[in-house]
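*Asks:* Here you go, protein01.csv (CSV, C-alpha atoms and all ligand atoms):
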```csv
chain,number,residue,atom,x,y,z
Z,1482,MET,CA,-24.2,-23.7,-51.8
Z,1483,ILE,CA,-23.9,-26.7,-49.5
Z,1484,ILE,CA,-25.5,-26.2,-46.0
Z,1485,THR,CA,-24.6,-28.7,-43.3
Z,1486,ILE,CA,-26.5,-29.1,-40.0
Z,1487,ASP,CA,-25.1,-31.3,-37.3
Z,1488,GLY,CA,-25.9,-31.9,-33.7
Z,1489,GLY,CA,-27.2,-34.4,-31.2
Z,1490,SER,CA,-30.4,-36.3,-31.4
Z,1491,SER,CA,-33.7,-34.4,-31.6
Z,1492,CYS,CA,-32.4,-30.9,-31.5
Z,1493,GLY,CA,-34.4,-29.8,-34.5
Z,1494,LYS,CA,-32.0,-30.4,-37.3
Z,1495,SER,CA,-34.4,-31.9,-39.7
Z,1496,THR,CA,-37.0,-29.2,-39.1
Z,1497,LEU,CA,-34.5,-26.5,-39.9
Z,1498,ALA,CA,-33.1,-28.4,-42.8
Z,1499,ARG,CA,-36.6,-28.8,-44.3
Z,1500,GLN,CA,-37.4,-25.1,-43.7
Z,1501,LEU,CA,-34.1,-24.0,-45.5
Z,1502,ALA,CA,-34.6,-26.4,-48.4
Z,1503,GLU,CA,-38.1,-25.1,-49.0
Z,1504,LYS,CA,-37.1,-21.5,-48.7
Z,1505,LEU,CA,-34.1,-21.8,-51.0
Z,1506,GLY,CA,-35.4,-24.5,-53.4
Z,1507,TYR,CA,-32.6,-26.8,-52.3
Z,1508,VAL,CA,-32.7,-30.6,-51.9
Z,1509,TYR,CA,-32.9,-31.8,-48.3
Z,1510,ILE,CA,-31.0,-35.0,-47.4
Z,1511,ASP,CA,-31.6,-36.7,-44.1
Z,1512,SER,CA,-28.3,-38.6,-43.6
Z,1513,GLY,CA,-29.6,-40.3,-40.5
Z,1514,ALA,CA,-32.3,-42.0,-42.5
Z,1515,MET,CA,-29.5,-43.8,-44.4
Z,1516,TYR,CA,-27.9,-45.1,-41.2
Z,1517,ARG,CA,-31.4,-46.2,-40.0
Z,1518,ALA,CA,-32.1,-48.0,-43.3
Z,1519,ILE,CA,-28.7,-49.8,-43.1
Z,1520,THR,CA,-29.6,-50.8,-39.6
Z,1521,LEU,CA,-32.9,-52.2,-40.7
Z,1522,TYR,CA,-31.2,-54.3,-43.3
Z,1523,PHE,CA,-28.6,-55.6,-40.8
Z,1524,LEU,CA,-31.4,-56.6,-38.3
Z,1525,ARG,CA,-33.5,-58.3,-40.9
Z,1526,ASN,CA,-30.5,-60.2,-42.2
Z,1527,ASN,CA,-28.9,-61.0,-38.9
Z,1528,VAL,CA,-25.6,-59.3,-39.9
Z,1529,ASN,CA,-23.0,-59.9,-37.3
Z,1530,ARG,CA,-21.5,-56.5,-36.4
Z,1531,SER,CA,-18.2,-58.0,-35.4
Z,1532,ASP,CA,-17.7,-59.8,-38.7
Z,1533,THR,CA,-16.1,-57.5,-41.2
Z,1534,ARG,CA,-16.7,-59.9,-44.1
Z,1535,GLN,CA,-20.4,-60.1,-43.3
Z,1536,ILE,CA,-20.7,-56.3,-43.0
Z,1537,ARG,CA,-19.0,-55.8,-46.4
Z,1538,ASP,CA,-21.1,-58.5,-48.1
Z,1539,ALA,CA,-24.3,-56.9,-46.6
Z,1540,LEU,CA,-23.3,-53.4,-47.8
Z,1541,LYS,CA,-22.8,-54.8,-51.4
Z,1542,ASN,CA,-26.5,-55.8,-51.3
Z,1543,ILE,CA,-27.8,-52.4,-50.1
Z,1544,GLU,CA,-29.2,-49.8,-52.4
Z,1545,LEU,CA,-30.4,-46.6,-50.8
Z,1546,GLU,CA,-32.5,-44.0,-52.6
Z,1547,PHE,CA,-34.5,-41.0,-51.6
Z,1548,ILE,CA,-37.7,-40.7,-53.6
Z,1549,HIS,CA,-39.9,-37.6,-53.4
Z,1550,ASN,CA,-43.5,-38.2,-52.2
Z,1551,LYS,CA,-45.5,-35.6,-54.0
Z,1552,HIS,CA,-48.6,-36.0,-51.7
Z,1553,GLN,CA,-46.6,-35.5,-48.5
Z,1554,GLY,CA,-44.2,-33.0,-50.1
Z,1555,ASN,CA,-41.1,-34.8,-48.7
Z,1556,SER,CA,-38.4,-37.3,-49.6
Z,1557,GLU,CA,-38.7,-40.8,-48.4
Z,1558,MET,CA,-36.1,-43.4,-47.7
Z,1559,TYR,CA,-36.1,-46.5,-49.9
Z,1560,LEU,CA,-34.1,-49.6,-49.1
Z,1561,ASN,CA,-33.7,-51.9,-52.2
Z,1562,GLY,CA,-36.8,-50.5,-53.7
Z,1563,GLU,CA,-38.9,-50.7,-50.5
Z,1564,ASN,CA,-40.3,-47.6,-48.9
Z,1565,VAL,CA,-38.9,-47.8,-45.3
Z,1566,GLU,CA,-39.5,-44.2,-44.2
Z,1567,TYR,CA,-42.1,-45.2,-41.5
Z,1568,ILE,CA,-40.4,-48.3,-40.1
Z,1569,ILE,CA,-36.9,-46.8,-39.7
Z,1570,ARG,CA,-38.3,-44.3,-37.2
Z,1571,ASP,CA,-39.2,-47.1,-34.8
Z,1572,LEU,CA,-37.5,-47.4,-31.4
Z,1573,VAL,CA,-36.2,-50.9,-32.4
Z,1574,ILE,CA,-34.1,-49.2,-35.1
Z,1575,ALA,CA,-33.1,-46.3,-32.8
Z,1576,GLU,CA,-31.8,-48.8,-30.2
Z,1577,LYS,CA,-29.3,-50.2,-32.7
Z,1578,VAL,CA,-28.5,-47.5,-35.2
Z,1579,SER,CA,-25.6,-45.9,-33.3
Z,1580,GLU,CA,-23.8,-49.2,-33.0
Z,1581,VAL,CA,-24.2,-49.8,-36.8
Z,1582,ALA,CA,-23.3,-46.2,-37.6
Z,1583,ALA,CA,-20.0,-46.5,-35.7
Z,1584,LEU,CA,-18.8,-49.3,-38.0
Z,1585,LYS,CA,-16.0,-48.0,-40.3
Z,1586,ASP,CA,-17.2,-49.8,-43.4
Z,1587,VAL,CA,-20.7,-48.5,-42.9
Z,1588,ARG,CA,-19.4,-44.9,-42.7
Z,1589,VAL,CA,-17.3,-45.3,-45.8
Z,1590,PHE,CA,-20.3,-46.6,-47.7
Z,1591,ALA,CA,-22.7,-43.9,-46.4
Z,1592,VAL,CA,-20.3,-40.9,-46.7
Z,1593,ALA,CA,-19.5,-41.8,-50.4
Z,1594,ALA,CA,-23.2,-41.9,-51.2
Z,1595,GLN,CA,-23.7,-38.6,-49.4
Z,1596,GLN,CA,-20.8,-36.8,-51.2
Z,1597,LYS,CA,-22.2,-38.0,-54.5
Z,1598,MET,CA,-25.6,-36.4,-53.6
Z,1599,GLY,CA,-23.8,-33.1,-53.0
Z,1600,GLU,CA,-21.9,-32.9,-56.3
Z,1601,GLU,CA,-24.3,-30.5,-57.8
Z,1602,LYS,CA,-24.6,-28.4,-54.6
Z,1603,GLY,CA,-28.0,-26.8,-53.8
Z,1604,ILE,CA,-28.3,-29.1,-50.9
Z,1605,VAL,CA,-29.0,-29.1,-47.2
Z,1606,MET,CA,-27.8,-32.2,-45.3
Z,1607,ASP,CA,-28.3,-32.9,-41.6
Z,1608,GLY,CA,-26.5,-35.5,-39.5
Z,1609,ARG,CA,-23.5,-35.8,-37.1
Z,1610,ASP,CA,-20.4,-35.5,-39.3
Z,1611,ILE,CA,-21.7,-33.6,-42.3
Z,1612,GLY,CA,-19.7,-30.4,-41.6
Z,1613,THR,CA,-16.6,-32.3,-40.4
Z,1614,THR,CA,-16.3,-35.3,-42.7
Z,1615,VAL,CA,-18.8,-35.3,-45.5
Z,1616,PHE,CA,-18.6,-31.7,-46.7
Z,1617,PRO,CA,-15.7,-30.0,-44.9
Z,1618,GLU,CA,-15.7,-27.3,-47.5
Z,1619,ALA,CA,-19.4,-26.4,-47.2
Z,1620,GLU,CA,-20.3,-22.8,-47.4
Z,1621,ILE,CA,-22.6,-22.8,-44.4
Z,1622,LYS,CA,-22.2,-25.0,-41.3
Z,1623,ILE,CA,-24.7,-25.0,-38.5
Z,1624,TYR,CA,-24.2,-26.9,-35.2
Z,1625,MET,CA,-27.5,-27.2,-33.4
Z,1626,VAL,CA,-27.9,-27.7,-29.6
Z,1627,ALA,CA,-30.9,-27.6,-27.3
Z,1628,ASP,CA,-31.5,-28.5,-23.6
Z,1629,GLU,CA,-31.9,-32.2,-23.0
Z,1630,ALA,CA,-35.3,-32.0,-21.4
Z,1631,VAL,CA,-36.7,-30.1,-24.4
Z,1632,ARG,CA,-35.2,-32.6,-26.8
Z,1633,VAL,CA,-36.7,-35.5,-24.9
Z,1634,GLU,CA,-40.1,-33.8,-24.9
Z,1635,ARG,CA,-40.0,-33.2,-28.6
Z,1636,ARG,CA,-38.9,-36.7,-29.6
Z,1637,PHE,CA,-41.4,-38.2,-27.2
Z,1638,ALA,CA,-44.3,-36.2,-28.7
Z,1639,GLU,CA,-43.2,-37.3,-32.2
Z,1640,MET,CA,-43.0,-41.0,-31.2
Z,1641,TYR,CA,-46.1,-41.0,-29.1
Z,1642,GLU,CA,-48.2,-39.9,-32.1
Z,1643,LYS,CA,-47.2,-43.1,-33.9
Z,1644,ASN,CA,-47.1,-45.4,-30.9
Z,1645,PRO,CA,-48.9,-44.5,-27.6
Z,1646,ASN,CA,-47.1,-47.4,-25.9
Z,1647,VAL,CA,-43.8,-45.6,-25.9
Z,1648,SER,CA,-42.6,-44.2,-22.6
Z,1649,LEU,CA,-40.8,-41.0,-21.8
Z,1650,VAL,CA,-38.1,-42.9,-20.0
Z,1651,GLU,CA,-37.4,-45.2,-23.0
Z,1652,VAL,CA,-37.2,-42.1,-25.3
Z,1653,ARG,CA,-34.8,-40.3,-22.9
Z,1654,ASN,CA,-32.6,-43.4,-22.4
Z,1655,ASN,CA,-32.3,-43.9,-26.2
Z,1656,LEU,CA,-31.5,-40.2,-26.8
Z,1657,VAL,CA,-28.8,-40.2,-24.1
Z,1658,MET,CA,-27.3,-43.5,-25.2
Z,1659,ARG,CA,-27.1,-42.5,-28.9
Z,1660,ASP,CA,-25.6,-39.1,-28.1
Z,1661,TYR,CA,-22.9,-40.9,-26.0
Z,1662,ILE,CA,-22.1,-43.5,-28.7
Z,1663,ASP,CA,-22.2,-40.9,-31.5
Z,1664,ALA,CA,-19.9,-38.5,-29.7
Z,1665,ASN,CA,-17.4,-41.1,-28.5
Z,1666,ARG,CA,-17.0,-43.4,-31.5
Z,1667,GLU,CA,-13.6,-43.6,-33.3
Z,1668,ALA,CA,-14.9,-43.0,-36.9
Z,1669,SER,CA,-16.0,-39.4,-37.4
Z,1670,PRO,CA,-17.6,-38.7,-34.0
Z,1671,LEU,CA,-20.2,-36.1,-33.5
Z,1672,ARG,CA,-18.5,-32.8,-32.9
Z,1673,LYS,CA,-18.8,-29.2,-33.9
Z,1674,ALA,CA,-16.7,-28.3,-37.0
Z,1675,GLU,CA,-14.4,-25.4,-36.1
Z,1676,ASP,CA,-16.0,-23.1,-38.6
Z,1677,ALA,CA,-19.6,-24.1,-37.7
Z,1678,ILE,CA,-22.0,-21.6,-36.1
Z,1679,VAL,CA,-23.8,-22.8,-33.0
Z,1680,LEU,CA,-27.6,-22.5,-33.0
Z,1681,ASN,CA,-29.3,-23.1,-29.6
Z,1682,ASN,CA,-32.9,-23.5,-30.4
Z,1683,THR,CA,-34.1,-24.4,-26.8
Z,1684,ASP,CA,-36.3,-21.2,-26.7
Z,1685,LEU,CA,-36.7,-20.5,-30.4
Z,1686,SER,CA,-39.8,-20.9,-32.5
Z,1687,PRO,CA,-39.5,-22.5,-35.9
Z,1688,LYS,CA,-39.7,-19.0,-37.5
Z,1689,GLU,CA,-36.9,-17.6,-35.3
Z,1690,GLN,CA,-34.6,-20.5,-36.1
Z,1691,LEU,CA,-35.2,-20.1,-39.8
Z,1692,ASP,CA,-34.5,-16.3,-39.5
Z,1693,PHE,CA,-31.2,-17.1,-37.7
Z,1694,ALA,CA,-30.2,-19.5,-40.5
Z,1695,MET,CA,-31.3,-17.2,-43.3
Z,1696,LYS,CA,-29.1,-14.4,-42.0
Z,1697,LEU,CA,-26.1,-16.8,-42.3
Z,1698,VAL,CA,-27.2,-17.6,-45.9
Z,1699,SER,CA,-27.4,-13.8,-46.7
Z,1700,SER,CA,-24.0,-13.1,-45.3
Z,1701,ALA,CA,-22.5,-16.1,-47.1
Z,1702,LYS,CA,-23.8,-14.8,-50.4
Z,1703,ARG,CA,-22.1,-11.5,-50.0
Q,1801,LIG,O1,-33.4,-37.9,-35.6
Q,1801,LIG,P1,-32.2,-38.1,-34.8
Q,1801,LIG,O2,-31.4,-36.8,-34.7
Q,1801,LIG,O3,-32.5,-38.6,-33.5
Q,1801,LIG,O4,-31.3,-39.2,-35.5
Q,1801,LIG,P2,-31.0,-39.4,-37.0
Q,1801,LIG,O5,-30.5,-38.2,-37.7
Q,1801,LIG,O6,-32.1,-40.1,-37.6
Q,1801,LIG,O7,-29.7,-40.4,-36.9
Q,1801,LIG,C1,-29.8,-41.7,-36.4
Q,1801,LIG,C2,-28.4,-42.1,-36.0
Q,1801,LIG,O8,-27.6,-42.3,-37.2
Q,1801,LIG,C3,-27.6,-41.2,-35.1
Q,1801,LIG,O9,-27.9,-41.4,-33.7
Q,1801,LIG,C4,-26.2,-41.6,-35.4
Q,1801,LIG,O10,-25.8,-42.8,-34.8
Q,1801,LIG,C5,-26.3,-42.0,-36.9
Q,1801,LIG,N1,-25.8,-40.9,-37.8
Q,1801,LIG,C6,-24.5,-40.8,-38.0
Q,1801,LIG,O11,-23.7,-41.5,-37.4
Q,1801,LIG,N2,-24.0,-39.9,-38.9
Q,1801,LIG,C7,-24.8,-39.1,-39.5
Q,1801,LIG,N3,-24.4,-38.2,-40.4
Q,1801,LIG,C8,-26.2,-39.1,-39.3
Q,1801,LIG,C9,-26.7,-40.1,-38.4
```
Before we go any further, please render this structure as structure tokens.

*Replies:*
Amino acid sequence: MIITIDGGSSCGKSTLARQLAEKLGYVYIDSGAMYRAITLYFLRNNVNRSDTRQIRDALKNIELEFIHNKHQGNSEMYLNGENVEYIIRDLVIAEKVSEVAALKDVRVFAVAAQQKMGEEKGIVMDGRDIGTTVFPEAEIKIYMVADEAVRVERRFAEMYEKNPNVSLVEVRNNLVMRDYIDANREASPLRKAEDAIVLNNTDLSPKEQLDFAMKLVSSAKR
């Protein structure tokens, strides 16, 4: 099957996607990591986001690959052969990623790569437009939501561990800004697919959210 998980920033999509992939022996694809890696390339190469030609030339030079790290037990994002998994989580990337992800050419590029990864099925992919644009025919679609305060807390804790200089206000501003841009852009904005099931995990433990999703898996199999 193909399982899609969409929703706003930091509402637990990747945690659930990892849990499901592990339980079902599926491949987990973090589509957001691809937009983050493209953003890193654009920043490093000073790609002008209002110049279509520059954008298209840049995309021709980008190769994205997920490579499994057997020590960590997860897949890591590689940009032109370089492991960028750590650097793409930085706030500098988060500040720009939604603007880059709103570019039509960038979306066409990323969506084509994502659809290719799903050809064999057996995949859990999380993002913003996976159930609406990337895999509209997916067997299971989950749309995750959680209260903003909880989401900010979670993301802050995650980022603080890597960089104790990060502030709660910065994290909140970034989350609110990205959700706004992601939901209001022209090209495949963040929205719930009509046939997606809403999962509000504000008060759910990781085990409870997995149980919820596994029930959907069981009923889809029937
Ligand atoms: O981890 P978090 O949910 O905060 O973000 P992410 O999944 O790493 O995605 C980073 C950004 O990439 C999002 O804010 C969107 O702008 C963009 N994105 C997108 O446009 N479409 C997707 N399918 C996934 C991510």

*Asks:* Smallest atom-to-atom distance to ligand LIG 1801 (chain Q): which of Z:Asp1628, Z:Asp1571, Z:Asp1663, Z:Glu1566, using only C-alpha atoms and all ligand atoms?

*Replies:*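 Nearest candidate to ligand LIG 1801 (chain Q) out of Z:Asp1628, Z:Asp1571, Z:Asp1663, Z:Glu1566: Z:Asp1663.
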
*Asks:* Can you work out which residues are within 7 Å of ligand LIG 1801 (chain Q), considering all atoms listed in the file, and then hand them over as an NGL selection string?

*Replies:* :Z and (1489-1492 or 1494 or 1511-1514 or 1516-1517 or 1575 or 1578-1580 or 1582-1583 or 1607-1611 or 1656 or 1659-1660 or 1663)

*Asks:* Have a look at atom CA of Glu1689 of chain Z and atom CA of Met1625 of chain Z and let me know their distance in Å, one decimal.

*Replies:*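 Going from atom CA of Glu1689 of chain Z over to atom CA of Met1625 of chain Z covers 13.6 Å.
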
*Asks:* List as a PyMOL selection string the residues having at least one atom at most 7 Å from position (-14.8, -42.9, -38.8) as given in the file, counting all atoms listed in the file.

*Replies:* chain Z and resi 1585+1588+1667-1670

*Asks:* Give me, as a PyMOL selection string, all polymer residues having an atom no more than 12 Å from Glu1618 of chain Z, counting all atoms listed in the file and skipping those fewer than 2 positions away in the same chain.

*Replies:* chain Z and resi 1482-1485+1596+1599+1602+1611-1616+1620-1622+1674-1677

*Asks:* If you keep C-alpha atoms, can you produce a file of those selected residues as a PDB file, keeping the file's coordinate frame?

*Replies:*
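Contents of selection.pdb, freshly written:
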```
ATOM      1  CA  MET Z1482     -24.200 -23.700 -51.800  1.00  0.00           C
ATOM      2  CA  ILE Z1483     -23.900 -26.700 -49.500  1.00  0.00           C
ATOM      3  CA  ILE Z1484     -25.500 -26.200 -46.000  1.00  0.00           C
ATOM      4  CA  THR Z1485     -24.600 -28.700 -43.300  1.00  0.00           C
ATOM      5  CA  GLN Z1596     -20.800 -36.800 -51.200  1.00  0.00           C
ATOM      6  CA  GLY Z1599     -23.800 -33.100 -53.000  1.00  0.00           C
ATOM      7  CA  LYS Z1602     -24.600 -28.400 -54.600  1.00  0.00           C
ATOM      8  CA  ILE Z1611     -21.700 -33.600 -42.300  1.00  0.00           C
ATOM      9  CA  GLY Z1612     -19.700 -30.400 -41.600  1.00  0.00           C
ATOM     10  CA  THR Z1613     -16.600 -32.300 -40.400  1.00  0.00           C
ATOM     11  CA  THR Z1614     -16.300 -35.300 -42.700  1.00  0.00           C
ATOM     12  CA  VAL Z1615     -18.800 -35.300 -45.500  1.00  0.00           C
ATOM     13  CA  PHE Z1616     -18.600 -31.700 -46.700  1.00  0.00           C
ATOM     14  CA  GLU Z1620     -20.300 -22.800 -47.400  1.00  0.00           C
ATOM     15  CA  ILE Z1621     -22.600 -22.800 -44.400  1.00  0.00           C
ATOM     16  CA  LYS Z1622     -22.200 -25.000 -41.300  1.00  0.00           C
ATOM     17  CA  ALA Z1674     -16.700 -28.300 -37.000  1.00  0.00           C
ATOM     18  CA  GLU Z1675     -14.400 -25.400 -36.100  1.00  0.00           C
ATOM     19  CA  ASP Z1676     -16.000 -23.100 -38.600  1.00  0.00           C
ATOM     20  CA  ALA Z1677     -19.600 -24.100 -37.700  1.00  0.00           C
TER      21      ALA Z1677
END
```

*Asks:* Extract, using all atoms listed in the file, all DNA, RNA and protein residues at most 10 Å from Leu1521 of chain Z, discarding same-chain residues fewer than 4 positions from it, and format them as a count of residues only.

*Replies:* 16

*Asks:* Counting all atoms listed in the file, which of Z:Leu1671, Z:Val1587, Z:Ile1543, Z:Val1508 gets nearest to Glu1601 of chain Z?

*Replies:*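 Checking each candidate against Glu1601 of chain Z, we get Z:Val1508 as the closest.
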
*Asks:* Using all atoms listed in the file, can you tell me which of Z:Ala1619, Z:Leu1545, Z:Leu1680, Z:Met1558 comes closest to Leu1497 of chain Z?

*Replies:* Z:Leu1680

*Asks:* So how far away is atom CA of Ala1518 of chain Z from atom CA of Ser1531 of chain Z, in Å?

*Replies:* 18.9 Å

*Asks:* Between Z:Gln1690, Z:Ser1495, Z:Gln1535, Z:Asn1542, which has the minimum distance to Ser1556 of chain Z (counting only C-alpha atoms)?

*Replies:*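 Checking each of Z:Gln1690, Z:Ser1495, Z:Gln1535, Z:Asn1542 against Ser1556 of chain Z, counting only C-alpha atoms, the winner is Z:Ser1495.
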
*Asks:* Would you mind reading off the distance between atom CA of Val1647 of chain Z and atom CA of Ala1630 of chain Z, one decimal, in Å?

*Replies:*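 If I compute the distance from atom CA of Val1647 of chain Z to atom CA of Ala1630 of chain Z, I get 16.7 Å.
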
*Asks:* Save segment 1535-1553 of chain Z from what I just supplied, as a compact mmCIF listing (two decimals), in the first residue's frame, atoms limited to N, CA, C and O atoms.

*Replies:*
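As a result, decode_23.txt now contains:
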```txt
# COMPACT_ATOMS: atom_id res chain seq x y z
N GLN Z 1535 17.34 30.55 -13.93
CA GLN Z 1535 18.30 30.13 -12.91
C GLN Z 1535 17.77 28.95 -12.11
O GLN Z 1535 18.51 28.04 -11.76
N ILE Z 1536 16.48 28.99 -11.82
CA ILE Z 1536 15.88 27.89 -11.04
C ILE Z 1536 15.98 26.59 -11.83
O ILE Z 1536 16.41 25.56 -11.31
N ARG Z 1537 15.61 26.64 -13.09
CA ARG Z 1537 15.65 25.43 -13.92
C ARG Z 1537 17.07 24.90 -14.09
O ARG Z 1537 17.30 23.69 -14.02
N ASP Z 1538 18.03 25.81 -14.29
CA ASP Z 1538 19.43 25.37 -14.41
C ASP Z 1538 19.89 24.72 -13.12
O ASP Z 1538 20.58 23.71 -13.13
N ALA Z 1539 19.50 25.33 -11.99
CA ALA Z 1539 19.92 24.79 -10.70
C ALA Z 1539 19.34 23.38 -10.51
O ALA Z 1539 20.06 22.45 -10.11
N LEU Z 1540 18.07 23.21 -10.84
CA LEU Z 1540 17.44 21.90 -10.64
C LEU Z 1540 18.12 20.81 -11.47
O LEU Z 1540 18.19 19.66 -11.06
N LYS Z 1541 18.65 21.22 -12.64
CA LYS Z 1541 19.34 20.23 -13.48
C LYS Z 1541 20.61 19.71 -12.79
O LYS Z 1541 21.11 18.65 -13.12
N ASN Z 1542 21.12 20.51 -11.87
CA ASN Z 1542 22.36 20.12 -11.20
C ASN Z 1542 22.14 19.49 -9.84
O ASN Z 1542 23.08 19.31 -9.07
N ILE Z 1543 20.89 19.21 -9.52
CA ILE Z 1543 20.59 18.65 -8.19
C ILE Z 1543 20.24 17.18 -8.30
O ILE Z 1543 19.35 16.79 -9.04
N GLU Z 1544 20.97 16.39 -7.51
CA GLU Z 1544 20.61 14.98 -7.41
C GLU Z 1544 20.32 14.66 -5.96
O GLU Z 1544 21.16 14.90 -5.09
N LEU Z 1545 19.12 14.17 -5.71
CA LEU Z 1545 18.72 13.86 -4.34
C LEU Z 1545 18.60 12.36 -4.16
O LEU Z 1545 18.08 11.66 -5.04
N GLU Z 1546 19.07 11.90 -3.01
CA GLU Z 1546 19.03 10.46 -2.76
C GLU Z 1546 18.87 10.22 -1.26
O GLU Z 1546 19.47 10.94 -0.46
N PHE Z 1547 18.07 9.24 -0.91
CA PHE Z 1547 18.00 8.82 0.50
C PHE Z 1547 18.87 7.59 0.65
O PHE Z 1547 18.71 6.62 -0.08
N ILE Z 1548 19.79 7.65 1.61
CA ILE Z 1548 20.65 6.48 1.84
C ILE Z 1548 20.47 6.02 3.28
O ILE Z 1548 20.48 6.83 4.22
N HIS Z 1549 20.29 4.72 3.44
CA HIS Z 1549 20.05 4.15 4.77
C HIS Z 1549 21.33 4.17 5.61
O HIS Z 1549 22.38 3.75 5.14
N ASN Z 1550 21.22 4.69 6.83
CA ASN Z 1550 22.35 4.66 7.75
C ASN Z 1550 22.12 3.50 8.71
O ASN Z 1550 21.23 3.55 9.55
N LYS Z 1551 22.94 2.45 8.56
CA LYS Z 1551 22.60 1.27 9.34
C LYS Z 1551 22.91 1.42 10.83
O LYS Z 1551 22.34 0.72 11.65
N HIS Z 1552 23.78 2.36 11.18
CA HIS Z 1552 24.07 2.58 12.61
C HIS Z 1552 22.90 3.28 13.29
O HIS Z 1552 22.51 2.96 14.39
N GLN Z 1553 22.33 4.27 12.59
CA GLN Z 1553 21.21 5.05 13.16
C GLN Z 1553 19.87 4.37 12.89
O GLN Z 1553 18.87 4.69 13.52
```
